[in-house]
Protein chains: 8
Amino acid sequence: MSERIWNIYLSGEIHTDWRENIASALATQALPVRLNSPVCVHADSDDCGATILGSETNPFWHDYKGASMNAIRTRTLIGDADVVIVRFGEKYRQWNAAFDAGFAAALGKPIITVHEPSLDHALKEVDAAALAVCSTVEQVTQTLTYVIQGKIPALKGILAAE
Amino acid sequence: MSERIWNIYLSGEIHTDWRENIASALATQALPVRLNSPVCVHADSDDCGATILGSETNPFWHDYKGASMNAIRTRTLIGDADVVIVRFGEKYRQWNAAFDAGFAAALGKPIITVHEPSLDHALKEVDAAALAVCSTVEQVTQTLTYVIQGKIPALKGILAAE
Amino acid sequence: MSERIWNIYLSGEIHTDWRENIASALATQALPVRLNSPVCVHADSDDCGATILGSETNPFWHDYKGASMNAIRTRTLIGDADVVIVRFGEKYRQWNAAFDAGFAAALGKPIITVHEPSLDHALKEVDAAALAVCSTVEQVTQTLTYVIQGKIPALKGILAAE
Amino acid sequence: MSERIWNIYLSGEIHTDWRENIASALATQALPVRLNSPVCVHADSDDCGATILGSETNPFWHDYKGASMNAIRTRTLIGDADVVIVRFGEKYRQWNAAFDAGFAAALGKPIITVHEPSLDHALKEVDAAALAVCSTVEQVTQTLTYVIQGKIPALKGILAAE
Amino acid sequence: MSERIWNIYLSGEIHTDWRENIASALATQALPVRLNSPVCVHADSDDCGATILGSETNPFWHDYKGASMNAIRTRTLIGDADVVIVRFGEKYRQWNAAFDAGFAAALGKPIITVHEPSLDHALKEVDAAALAVCSTVEQVTQTLTYVIQGKIPALKGILAAE
Amino acid sequence: MSERIWNIYLSGEIHTDWRENIASALATQALPVRLNSPVCVHADSDDCGATILGSETNPFWHDYKGASMNAIRTRTLIGDADVVIVRFGEKYRQWNAAFDAGFAAALGKPIITVHEPSLDHALKEVDAAALAVCSTVEQVTQTLTYVIQGKIPALKGILAAE
Amino acid sequence: MSERIWNIYLSGEIHTDWRENIASALATQALPVRLNSPVCVHADSDDCGATILGSETNPFWHDYKGASMNAIRTRTLIGDADVVIVRFGEKYRQWNAAFDAGFAAALGKPIITVHEPSLDHALKEVDAAALAVCSTVEQVTQTLTYVIQGKIPALKGILAAE
Amino acid sequence: MSERIWNIYLSGEIHTDWRENIASALATQALPVRLNSPVCVHADSDDCGATILGSETNPFWHDYKGASMNAIRTRTLIGDADVVIVRFGEKYRQWNAAFDAGFAAALGKPIITVHEPSLDHALKEVDAAALAVCSTVEQVTQTLTYVIQGKIPALKGILAAE
């Protein structure tokens, strides 16, 4: 019998390497997961619509075309996800991350948030919709390992690798 | 035959009087609407959970209990809404407004956003999910008047009152 | 016990008076219906977005803003409808009428189409999704009378009035 | 881990080779897609019902049986689709294409439309429901490449091949 | 606070007066119910489509048009129902009653069946989908009285009236 | 404009007067609520099926008929509810209360639980699905007052009345 | 790219070999289908519940336990189906076939009915919910071949094999 | 054509080896099933949240974090399940098992309960929502064998192995 594959969607912050950290940690655990994410090349994400469909003189429509094109990808992959992980950082307003969290919540998707405790108050509505609130990427991989494999990972060994 | 009542949910910014402005403008038009909103008394919204259900030493759980209690109200009223209006301002991160927008989008609710053009780029994913992007409260009331009554209001008269 | 009100949405052709004909015929029958429709003032329907939200130099976005604003109304009212009636005429391409029919079909709404038999072949996919295919407005009112009151109207009397 | 397969449904115009053009362009990019479409042999699409289930004297029912049989295929494949692409041409009324677009919209499927700019005004309601509006098949393949692979294709090379 | 109105749909057998019996019994109990049913005039139910939309030479299409027109009414009212009651009798095959029961079951509607015990075996799949299986109309009214008012009616008094 | 009515379903414990306490407290606040509950007369709830539909020699089927009949009421009213309140007490196993909570959770209904802190560990899965966890009926009425009226009640006055 | 597999559910008549005929005809066409059906051993279907879960003295509960156990299978497989085929014969009342058709209709599944024209009138409501009405098993296999492969089979060759 | 895999979720009692018994019995039958369950290591299930996400001084939040983390796993797997099996034992209150049953019921999942007859009365609401009520694990495996393979297993041989 083939194993169940868990689809994990990684939303939010695109200017740090948190997705790569999760991916390599999960690879170590050999978890049966398929990781998905928005397009994380900032310029491509901004300009895709205008580059492919034609440039716009009004920056509003430049943005609108790009955001709509990205939505083809993100809504499909959030709709497919078993778990949606949303990362918030100090930089930028990251309203799209909160939008994704709300979208996932209305679809009934389990949500895991990841952010520094300094953002706790600002993110209280989002955290209250989450089933796990992490402050480190390490906690995310431990949570996924537990949820999927049913085992609490030997924390010390993993933490040592951090 | 009784008129159709439109349920309008007003999400976002709570430290300005934009909701009152919409309410009074709509009253002038005698539109058949029922306006709903989150609790807009900031302290009550923050403290409701701890005040009613018991205080917490950890501020995370203080926030969590409040946000969860508010969610009883907000999710019910967003679920009821025919149109969801989301207001973003310069102050604060307002992640809960973006969360509400995502939640409404996944439910298929028509969304109207309201914000200064200076926020266009930061809000591009949210705007791309909206059916109308307004920069003034006046535009919101005109949009609702048109959508519900089927008539473009005599703009000059209304604008003069602005 | 108050009577059940039937919400009827009248989609399609806006340059003839077919909606008024249905409304006056139904008024004669005293049926418990609430009739809804898109905005039927052609210029307003085209220009609402640009007039209220700001003009556009590119006619594509002029149209886009208007169509999006109209969608706030039409999707809400189609979503509310018990029966969706779609009228096709010889003039114009009326793709929005076919779009509304597809939208209603996917929502599981009963559809009644109204068009000349000359359009039968061109409309075969739409008609195959309908529960009644009418060629006259008279047939629409008779169908609604039967469906709602459970009585076949005395056809001769009504026809005489045509 | 096996790759995610994207189901793409190609609706609309059947008298040009636009589907073949997309298929060969996508094959070049080795995208993980499964392309589906209605039956595109015009005579079979018209006559399937009567040929298989029995001929009809009334052309209305001839059409009806064919359209219903085709609906078994088209609704199943649209229901399966991750992305629905709808092509409109100058010829014919193509109400079934607009019907498919409305059907897909109500199911929450991401829609890409493809048509000449000369049809912009006539298709404004359909375009307003789309996440990308293309005027060339080339743009469709670039959009799919970007959405699925997360990379903006080297446009010049591809365009040169056009 | 106004009382909750229960919508009760009465499906099945149309050649006896079981609906009238339920209606008068419920009127005695003053239950807050709205009773709905298909059109029960047999000839109208058979001929409505052809009479209103045009006659057919092929009896299959005569029936088809009538059944489709009736479906506008029945699916709307079943979709509205809080409880669906389905009556089976010895006469006729009454496949439409079983179809309604299956339709209601898939919508998650509570189903009450009413039939003689002699039909128990033939109706076992339908009864297994029901929350109450009655053999008399009296039991139906007692069940509705209990479900809506929360009181077991004084059985003797009611039975005496039978 | 008429006020929004909130439907509140009160599930669980039937051998104490907690529902009456909530009802009278809410009446004091004049909240626009409609309170619903299962049938709370223990014997009627147990025996309704056998009494109305016929007695059973096997107690399993006696129970089964009663529980099925009660489900007509409870599922309809939970399906209608804006908020589901579930009360657990020390007595009895009250699996039906936990069942109702699970049912409400899968429907996305906001849940409020009410129980002594001594049951915290045993009820942790149910509480984790709730948006408010109360230990007193007083807290329930304060929560509802806040959620519906948007005001934190003057706690001292209310508590004094306890 | 692997082929799309179509799940076909074959409901209804169990005392003839129509399922085997369809299976062997489809095997000849090498269609990518997975055929599912209820348990067709009549005695097992009737007695499964009592045999496995314990015998019952009351035949009603004997039937009820069997029908409920069969429903675990049939509802799962109908829920999975891309197309539901329902066969009605002259023998027996076959209310379960009509129930399955209603269940499939409410789920939006494409339905194909198969029956002699002599049953047309009795089955008019079921046929009106179907997208193809066949009178022979041959027509069913041709319909599936067309729907799945997009080609009208060479009818003569197939018919010769009948 | 690959076989259909049935996803079976085993909810409830974690302090006996009933899951292992089902797994080994099903392995003997070579049924195409994928068995899923909550995490059954009691301490891990209780402490996962606090261990991974940080310890709590208040035991309520210790439990809450653990239950929320487990819900990521259990709701995903119940949502995936074709059949949900819920085991109740004499020990503990097992409210989470009843919660899972209610959750599964609202999703329309077929439910099989397993418990001693001594619990019949206490579990009557849960059993009334089940399609099979078993008192032994043996009956569960026979039910699954019948439902999936369509054959009543040779009971004596299997029972002899008990």
# chains A, B, ... in the order shown; residues from 1 in each chain; ligands from 1
>>> interface_residues(of="chain A", to="chain B", cutoff="9 Å", atoms="only C-alpha atoms", output="tab-separated table (two decimals) with all heavy atoms, in the first residue's frame")
chain	number	residue	atom	x	y	z
A	59	PRO	N	0.56	51.91	-12.45
A	59	PRO	CA	1.14	50.85	-11.62
A	59	PRO	C	0.09	50.00	-10.90
A	59	PRO	O	0.36	48.85	-10.59
A	59	PRO	CB	2.01	51.62	-10.61
A	59	PRO	CG	1.68	53.07	-10.77
A	59	PRO	CD	1.03	53.26	-12.10
A	60	PHE	N	-1.11	50.56	-10.67
A	60	PHE	CA	-2.15	49.75	-10.04
A	60	PHE	C	-2.47	48.52	-10.88
A	60	PHE	O	-2.57	47.40	-10.37
A	60	PHE	CB	-3.42	50.58	-9.84
A	60	PHE	CG	-4.56	49.78	-9.26
A	60	PHE	CD1	-4.65	49.57	-7.89
A	60	PHE	CD2	-5.54	49.22	-10.08
A	60	PHE	CE1	-5.68	48.81	-7.35
A	60	PHE	CE2	-6.57	48.45	-9.54
A	60	PHE	CZ	-6.64	48.26	-8.18
A	63	ASP	N	0.34	45.93	-10.91
A	63	ASP	CA	0.26	45.07	-9.73
A	63	ASP	C	-0.90	44.08	-9.81
A	63	ASP	O	-0.79	42.92	-9.43
A	63	ASP	CB	0.07	45.95	-8.47
A	63	ASP	CG	1.35	46.62	-8.04
A	63	ASP	OD1	2.45	46.20	-8.47
A	63	ASP	OD2	1.27	47.59	-7.26
A	64	TYR	N	-2.01	44.62	-10.30
A	64	TYR	CA	-3.24	43.81	-10.33
A	64	TYR	C	-3.07	42.58	-11.23
A	64	TYR	O	-3.49	41.48	-10.89
A	64	TYR	CB	-4.38	44.69	-10.86
A	64	TYR	CG	-5.75	44.10	-10.71
A	64	TYR	CD1	-6.53	44.38	-9.58
A	64	TYR	CD2	-6.28	43.26	-11.67
A	64	TYR	CE1	-7.80	43.85	-9.44
A	64	TYR	CE2	-7.55	42.72	-11.53
A	64	TYR	CZ	-8.31	43.02	-10.42
A	64	TYR	OH	-9.56	42.48	-10.27
A	65	LYS	N	-2.45	42.80	-12.40
A	65	LYS	CA	-2.24	41.68	-13.31
A	65	LYS	C	-1.29	40.65	-12.71
A	65	LYS	O	-1.48	39.44	-12.87
A	65	LYS	CB	-1.67	42.18	-14.65
A	65	LYS	CG	-2.71	42.84	-15.52
A	65	LYS	CD	-2.09	43.64	-16.67
A	65	LYS	CE	-1.91	42.82	-17.92
A	65	LYS	NZ	-1.55	43.70	-19.08
A	66	GLY	N	-0.27	41.13	-12.04
A	66	GLY	CA	0.66	40.20	-11.40
A	66	GLY	C	0.00	39.42	-10.28
A	66	GLY	O	0.13	38.19	-10.19
A	67	ALA	N	-0.71	40.13	-9.44
A	67	ALA	CA	-1.35	39.47	-8.29
A	67	ALA	C	-2.40	38.46	-8.75
A	67	ALA	O	-2.55	37.39	-8.17
A	67	ALA	CB	-1.98	40.52	-7.37
A	68	SER	N	-3.12	38.80	-9.82
A	68	SER	CA	-4.12	37.86	-10.33
A	68	SER	C	-3.46	36.61	-10.89
A	68	SER	O	-3.94	35.49	-10.68
A	68	SER	CB	-4.96	38.54	-11.43
A	68	SER	OG	-5.71	39.61	-10.89
A	70	ASN	N	-0.56	35.36	-10.04
A	70	ASN	CA	-0.07	34.57	-8.91
A	70	ASN	C	-1.21	33.83	-8.21
A	70	ASN	O	-1.01	32.73	-7.70
A	70	ASN	CB	0.65	35.48	-7.91
A	70	ASN	CG	2.03	35.87	-8.40
A	70	ASN	OD1	2.79	35.04	-8.87
A	70	ASN	ND2	2.35	37.16	-8.32
A	71	ALA	N	-2.40	34.43	-8.22
A	71	ALA	CA	-3.53	33.78	-7.54
A	71	ALA	C	-3.91	32.46	-8.22
A	71	ALA	O	-4.45	31.56	-7.57
A	71	ALA	CB	-4.74	34.72	-7.50
A	92	TYR	N	8.15	44.44	6.11
A	92	TYR	CA	6.99	44.56	5.23
A	92	TYR	C	5.69	44.29	5.98
A	92	TYR	O	5.68	43.76	7.08
A	92	TYR	CB	7.10	43.60	4.04
A	92	TYR	CG	8.41	43.71	3.32
A	92	TYR	CD1	9.25	42.62	3.24
A	92	TYR	CD2	8.80	44.92	2.73
A	92	TYR	CE1	10.47	42.71	2.58
A	92	TYR	CE2	10.02	45.01	2.07
A	92	TYR	CZ	10.86	43.92	2.00
A	92	TYR	OH	12.06	44.01	1.36
A	93	ARG	N	4.60	44.64	5.35
A	93	ARG	CA	3.31	44.46	5.99
A	93	ARG	C	2.77	43.04	5.81
A	93	ARG	O	1.98	42.56	6.60
A	93	ARG	CB	2.30	45.46	5.42
A	93	ARG	CG	2.61	46.90	5.87
A	93	ARG	CD	1.73	47.87	5.12
A	93	ARG	NE	2.09	49.25	5.38
A	93	ARG	CZ	1.42	50.04	6.22
A	93	ARG	NH1	0.35	49.60	6.84
A	93	ARG	NH2	1.81	51.27	6.41
A	94	GLN	N	3.18	42.40	4.73
A	94	GLN	CA	2.81	40.99	4.53
A	94	GLN	C	1.32	40.74	4.67
A	94	GLN	O	0.89	39.76	5.29
A	94	GLN	CB	3.60	40.12	5.52
A	94	GLN	CG	5.09	40.34	5.39
A	94	GLN	CD	5.92	39.32	6.15
A	94	GLN	OE1	5.40	38.52	6.91
A	94	GLN	NE2	7.21	39.34	5.90
A	95	TRP	N	0.55	41.64	4.07
A	95	TRP	CA	-0.89	41.43	4.10
A	95	TRP	C	-1.31	40.18	3.31
A	95	TRP	O	-2.32	39.57	3.59
A	95	TRP	CB	-1.60	42.69	3.56
A	95	TRP	CG	-1.73	43.76	4.58
A	95	TRP	CD1	-2.04	43.60	5.90
A	95	TRP	CD2	-1.59	45.18	4.39
A	95	TRP	NE1	-2.10	44.82	6.54
A	95	TRP	CE2	-1.85	45.81	5.64
A	95	TRP	CE3	-1.30	45.98	3.29
A	95	TRP	CZ2	-1.79	47.19	5.82
A	95	TRP	CZ3	-1.26	47.35	3.47
A	95	TRP	CH2	-1.50	47.96	4.72
A	96	ASN	N	-0.51	39.85	2.30
A	96	ASN	CA	-0.86	38.65	1.53
A	96	ASN	C	-0.75	37.39	2.38
A	96	ASN	O	-1.51	36.44	2.20
A	96	ASN	CB	-0.03	38.54	0.26
A	96	ASN	CG	1.45	38.48	0.55
A	96	ASN	OD1	1.92	39.10	1.52
A	96	ASN	ND2	2.19	37.75	-0.26
A	97	ALA	N	0.18	37.37	3.33
A	97	ALA	CA	0.28	36.21	4.22
A	97	ALA	C	-0.98	36.09	5.08
A	97	ALA	O	-1.55	35.00	5.24
A	97	ALA	CB	1.52	36.32	5.11
A	98	ALA	N	-1.44	37.21	5.62
A	98	ALA	CA	-2.65	37.18	6.44
A	98	ALA	C	-3.87	36.84	5.58
A	98	ALA	O	-4.79	36.14	6.03
A	98	ALA	CB	-2.86	38.53	7.13
A	99	PHE	N	-3.87	37.33	4.34
A	99	PHE	CA	-4.95	36.98	3.41
A	99	PHE	C	-4.98	35.47	3.18
A	99	PHE	O	-6.04	34.83	3.24
A	99	PHE	CB	-4.74	37.72	2.09
A	99	PHE	CG	-5.80	37.47	1.05
A	99	PHE	CD1	-6.96	38.22	1.02
A	99	PHE	CD2	-5.63	36.46	0.10
A	99	PHE	CE1	-7.94	37.99	0.05
A	99	PHE	CE2	-6.61	36.21	-0.86
A	99	PHE	CZ	-7.76	36.99	-0.89
A	100	ASP	N	-3.82	34.89	2.93
A	100	ASP	CA	-3.75	33.43	2.74
A	100	ASP	C	-4.25	32.68	3.98
A	100	ASP	O	-4.95	31.67	3.86
A	100	ASP	CB	-2.31	32.99	2.47
A	100	ASP	CG	-1.85	33.29	1.05
A	100	ASP	OD1	-2.66	33.78	0.23
A	100	ASP	OD2	-0.67	33.04	0.74
A	101	ALA	N	-3.88	33.18	5.14
A	101	ALA	CA	-4.34	32.52	6.37
A	101	ALA	C	-5.86	32.56	6.48
A	101	ALA	O	-6.50	31.57	6.83
A	101	ALA	CB	-3.70	33.19	7.59
A	102	GLY	N	-6.45	33.71	6.17
A	102	GLY	CA	-7.91	33.81	6.20
A	102	GLY	C	-8.56	32.90	5.17
A	102	GLY	O	-9.57	32.23	5.45
A	103	PHE	N	-7.96	32.86	4.00
A	103	PHE	CA	-8.47	31.99	2.93
A	103	PHE	C	-8.43	30.53	3.39
A	103	PHE	O	-9.42	29.80	3.24
A	103	PHE	CB	-7.61	32.20	1.68
A	103	PHE	CG	-8.23	31.74	0.41
A	103	PHE	CD1	-9.01	32.60	-0.36
A	103	PHE	CD2	-8.05	30.44	-0.05
A	103	PHE	CE1	-9.58	32.18	-1.55
A	103	PHE	CE2	-8.64	30.01	-1.23
A	103	PHE	CZ	-9.40	30.88	-1.99
A	104	ALA	N	-7.31	30.13	3.94
A	104	ALA	CA	-7.16	28.74	4.41
A	104	ALA	C	-8.14	28.45	5.54
A	104	ALA	O	-8.73	27.36	5.60
A	104	ALA	CB	-5.72	28.51	4.87
A	105	ALA	N	-8.33	29.41	6.43
A	105	ALA	CA	-9.24	29.20	7.56
A	105	ALA	C	-10.66	28.95	7.08
A	105	ALA	O	-11.35	28.05	7.56
A	105	ALA	CB	-9.21	30.41	8.50
A	106	ALA	N	-11.11	29.73	6.10
A	106	ALA	CA	-12.48	29.57	5.61
A	106	ALA	C	-12.65	28.24	4.89
A	106	ALA	O	-13.75	27.70	4.82
A	106	ALA	CB	-12.85	30.73	4.69
A	107	LEU	N	-11.56	27.69	4.34
A	107	LEU	CA	-11.62	26.37	3.71
A	107	LEU	C	-11.50	25.25	4.73
A	107	LEU	O	-11.54	24.07	4.37
A	107	LEU	CB	-10.51	26.22	2.67
A	107	LEU	CG	-10.54	27.16	1.46
A	107	LEU	CD1	-9.34	26.88	0.55
A	107	LEU	CD2	-11.83	27.00	0.67
A	117	PRO	N	7.80	36.02	18.88
A	117	PRO	CA	6.81	36.39	19.91
A	117	PRO	C	6.52	37.89	19.93
A	117	PRO	O	5.44	38.31	20.37
A	117	PRO	CB	7.49	35.95	21.22
A	117	PRO	CG	8.41	34.85	20.81
A	117	PRO	CD	8.90	35.20	19.43
A	120	ASP	N	3.21	38.68	18.53
A	120	ASP	CA	2.04	37.98	19.09
A	120	ASP	C	0.78	38.84	19.11
A	120	ASP	O	-0.29	38.41	18.67
A	120	ASP	CB	2.32	37.53	20.53
A	120	ASP	CG	3.11	36.23	20.59
A	120	ASP	OD1	3.42	35.66	19.53
A	120	ASP	OD2	3.42	35.78	21.71
A	121	HIS	N	0.90	40.05	19.63
A	121	HIS	CA	-0.31	40.86	19.77
A	121	HIS	C	-0.88	41.26	18.40
A	121	HIS	O	-2.09	41.17	18.18
A	121	HIS	CB	-0.04	42.10	20.62
A	121	HIS	CG	-1.28	42.88	20.91
A	121	HIS	ND1	-2.31	42.39	21.69
A	121	HIS	CD2	-1.69	44.11	20.50
A	121	HIS	CE1	-3.29	43.27	21.75
A	121	HIS	NE2	-2.94	44.33	21.04
A	122	ALA	N	0.01	41.65	17.51
A	122	ALA	CA	-0.45	42.08	16.18
A	122	ALA	C	-1.09	40.94	15.40
A	122	ALA	O	-1.94	41.16	14.55
A	122	ALA	CB	0.72	42.67	15.39
A	123	LEU	N	-0.68	39.72	15.71
A	123	LEU	CA	-1.18	38.57	14.95
A	123	LEU	C	-2.22	37.76	15.72
A	123	LEU	O	-2.50	36.61	15.37
A	123	LEU	CB	0.00	37.66	14.57
A	123	LEU	CG	0.85	38.13	13.39
A	123	LEU	CD1	2.15	37.35	13.32
A	123	LEU	CD2	0.06	37.97	12.09
A	124	LYS	N	-2.82	38.34	16.74
A	124	LYS	CA	-3.66	37.51	17.61
A	124	LYS	C	-4.85	36.88	16.90
A	124	LYS	O	-5.21	35.74	17.18
A	124	LYS	CB	-4.10	38.29	18.85
A	124	LYS	CG	-5.02	39.46	18.62
A	124	LYS	CD	-5.26	40.16	19.98
A	124	LYS	CE	-6.39	41.16	19.89
A	124	LYS	NZ	-6.08	42.29	19.00
A	125	GLU	N	-5.45	37.58	15.95
A	125	GLU	CA	-6.59	36.98	15.23
A	125	GLU	C	-6.13	35.82	14.34
A	125	GLU	O	-6.83	34.84	14.17
A	125	GLU	CB	-7.29	38.03	14.36
A	125	GLU	CG	-8.10	39.04	15.15
A	125	GLU	CD	-7.26	40.23	15.61
A	125	GLU	OE1	-6.05	40.25	15.27
A	125	GLU	OE2	-7.80	41.11	16.30
A	126	VAL	N	-4.95	35.98	13.76
A	126	VAL	CA	-4.44	34.90	12.90
A	126	VAL	C	-4.04	33.70	13.76
A	126	VAL	O	-4.38	32.55	13.45
A	126	VAL	CB	-3.26	35.41	12.05
A	126	VAL	CG1	-2.75	34.30	11.14
A	126	VAL	CG2	-3.67	36.63	11.22
A	127	ASP	N	-3.34	33.96	14.84
A	127	ASP	CA	-2.93	32.86	15.72
A	127	ASP	C	-4.14	32.12	16.30
A	127	ASP	O	-4.09	30.90	16.50
A	127	ASP	CB	-2.07	33.41	16.86
A	127	ASP	CG	-0.65	33.74	16.42
A	127	ASP	OD1	-0.26	33.35	15.31
A	127	ASP	OD2	0.08	34.39	17.20
A	128	ALA	N	-5.21	32.86	16.58
A	128	ALA	CA	-6.39	32.22	17.16
A	128	ALA	C	-7.06	31.28	16.16
A	128	ALA	O	-7.85	30.41	16.54
A	128	ALA	CB	-7.39	33.26	17.65
A	129	ALA	N	-6.73	31.43	14.88
A	129	ALA	CA	-7.27	30.54	13.85
A	129	ALA	C	-6.31	29.39	13.54
A	129	ALA	O	-6.62	28.53	12.72
A	129	ALA	CB	-7.57	31.32	12.57
>>> select_by_dssp(residues="chain A", states="strand (DSSP E or B)", output="PyMOL selection string")
chain A and resi 6-12+33-36+83-87+111-114+132-134
>>> write_last_selection(atoms="C-alpha atoms", output="PDB file, in the first residue's frame")
ATOM      1  CA  TRP A   6       0.851  15.198   2.785  1.00  0.00           C
ATOM      2  CA  ASN A   7       0.603  18.427   0.809  1.00  0.00           C
ATOM      3  CA  ILE A   8       2.110  21.296   2.774  1.00  0.00           C
ATOM      4  CA  TYR A   9       1.742  24.880   1.581  1.00  0.00           C
ATOM      5  CA  LEU A  10       4.312  27.401   2.780  1.00  0.00           C
ATOM      6  CA  SER A  11       2.863  30.911   2.679  1.00  0.00           C
ATOM      7  CA  GLY A  12       4.337  34.268   3.638  1.00  0.00           C
ATOM      8  CA  VAL A  33       5.397  15.418   2.022  1.00  0.00           C
ATOM      9  CA  ARG A  34       5.055  17.544  -1.070  1.00  0.00           C
ATOM     10  CA  LEU A  35       6.028  21.126  -0.293  1.00  0.00           C
ATOM     11  CA  ASN A  36       4.410  23.899  -2.281  1.00  0.00           C
ATOM     12  CA  VAL A  83      -1.673  21.880   6.103  1.00  0.00           C
ATOM     13  CA  VAL A  84      -1.015  25.572   5.473  1.00  0.00           C
ATOM     14  CA  ILE A  85       2.012  27.125   7.151  1.00  0.00           C
ATOM     15  CA  VAL A  86       2.147  30.922   7.270  1.00  0.00           C
ATOM     16  CA  ARG A  87       5.350  32.766   8.116  1.00  0.00           C
ATOM     17  CA  ILE A 111      -3.009  26.344   9.896  1.00  0.00           C
ATOM     18  CA  ILE A 112       0.424  26.620  11.505  1.00  0.00           C
ATOM     19  CA  THR A 113       1.782  30.123  12.036  1.00  0.00           C
ATOM     20  CA  VAL A 114       5.472  30.955  12.459  1.00  0.00           C
ATOM     21  CA  ALA A 132      -0.077  25.482  16.201  1.00  0.00           C
ATOM     22  CA  VAL A 133       1.819  28.732  16.768  1.00  0.00           C
ATOM     23  CA  CYS A 134       5.565  28.345  16.273  1.00  0.00           C
TER      24      CYS A 134
END
>>> residues_around(residues="D:Ser45", least_positions_apart="2", cutoff="10 Å", atoms="only C-alpha atoms", output="PDB file with C-alpha atoms, in the first residue's frame")
ATOM      1  CA  PRO D  38     -14.603  18.857 -25.243  1.00  0.00           C
ATOM      2  CA  VAL D  39     -15.009  16.658 -28.299  1.00  0.00           C
ATOM      3  CA  CYS D  40     -13.734  18.902 -31.097  1.00  0.00           C
ATOM      4  CA  VAL D  41     -15.004  17.026 -34.143  1.00  0.00           C
ATOM      5  CA  HIS D  42     -17.885  19.350 -34.955  1.00  0.00           C
ATOM      6  CA  ALA D  43     -20.166  16.780 -36.590  1.00  0.00           C
ATOM      7  CA  ASP D  47     -24.797  14.309 -33.760  1.00  0.00           C
ATOM      8  CA  CYS D  48     -23.520  12.051 -30.977  1.00  0.00           C
ATOM      9  CA  GLY D  49     -26.830  11.919 -29.135  1.00  0.00           C
ATOM     10  CA  ASP D  63     -29.516  19.067 -30.502  1.00  0.00           C
ATOM     11  CA  GLY D  66     -26.210  15.750 -28.308  1.00  0.00           C
ATOM     12  CA  ALA D  67     -25.637  18.627 -25.919  1.00  0.00           C
ATOM     13  CA  MET D  69     -24.304  13.722 -23.932  1.00  0.00           C
ATOM     14  CA  ASN D  70     -21.458  16.183 -24.342  1.00  0.00           C
TER      15      ASN D  70
ATOM     16  CA  TYR G 146     -17.868   8.651 -26.858  1.00  0.00           C
ATOM     17  CA  GLY G 150     -14.264  11.528 -27.731  1.00  0.00           C
ATOM     18  CA  LYS G 151     -15.040   9.272 -30.647  1.00  0.00           C
ATOM     19  CA  ILE G 152     -18.316   7.876 -31.879  1.00  0.00           C
TER      20      ILE G 152
END
>>> decode(residues="stretch 61-67 of chain E", atoms="N, CA and C atoms", output="PDB file, in the first residue's frame")
ATOM      1  N   TRP E  61     -40.880  12.811 -25.052  1.00  0.00           N
ATOM      2  CA  TRP E  61     -40.588  14.237 -24.831  1.00  0.00           C
ATOM      3  C   TRP E  61     -41.748  14.969 -24.164  1.00  0.00           C
ATOM      4  N   HIS E  62     -42.976  14.483 -24.427  1.00  0.00           N
ATOM      5  CA  HIS E  62     -44.121  14.999 -23.669  1.00  0.00           C
ATOM      6  C   HIS E  62     -43.871  14.823 -22.166  1.00  0.00           C
ATOM      7  N   ASP E  63     -43.501  13.619 -21.795  1.00  0.00           N
ATOM      8  CA  ASP E  63     -43.226  13.329 -20.385  1.00  0.00           C
ATOM      9  C   ASP E  63     -42.019  14.119 -19.872  1.00  0.00           C
ATOM     10  N   TYR E  64     -41.021  14.182 -20.714  1.00  0.00           N
ATOM     11  CA  TYR E  64     -39.768  14.819 -20.307  1.00  0.00           C
ATOM     12  C   TYR E  64     -39.983  16.302 -19.988  1.00  0.00           C
ATOM     13  N   LYS E  65     -40.739  16.979 -20.847  1.00  0.00           N
ATOM     14  CA  LYS E  65     -40.999  18.396 -20.603  1.00  0.00           C
ATOM     15  C   LYS E  65     -41.811  18.607 -19.330  1.00  0.00           C
ATOM     16  N   GLY E  66     -42.751  17.717 -19.099  1.00  0.00           N
ATOM     17  CA  GLY E  66     -43.548  17.834 -17.879  1.00  0.00           C
ATOM     18  C   GLY E  66     -42.703  17.573 -16.635  1.00  0.00           C
ATOM     19  N   ALA E  67     -41.931  16.504 -16.688  1.00  0.00           N
ATOM     20  CA  ALA E  67     -41.125  16.159 -15.509  1.00  0.00           C
ATOM     21  C   ALA E  67     -40.092  17.245 -15.223  1.00  0.00           C
TER      22      ALA E  67
END
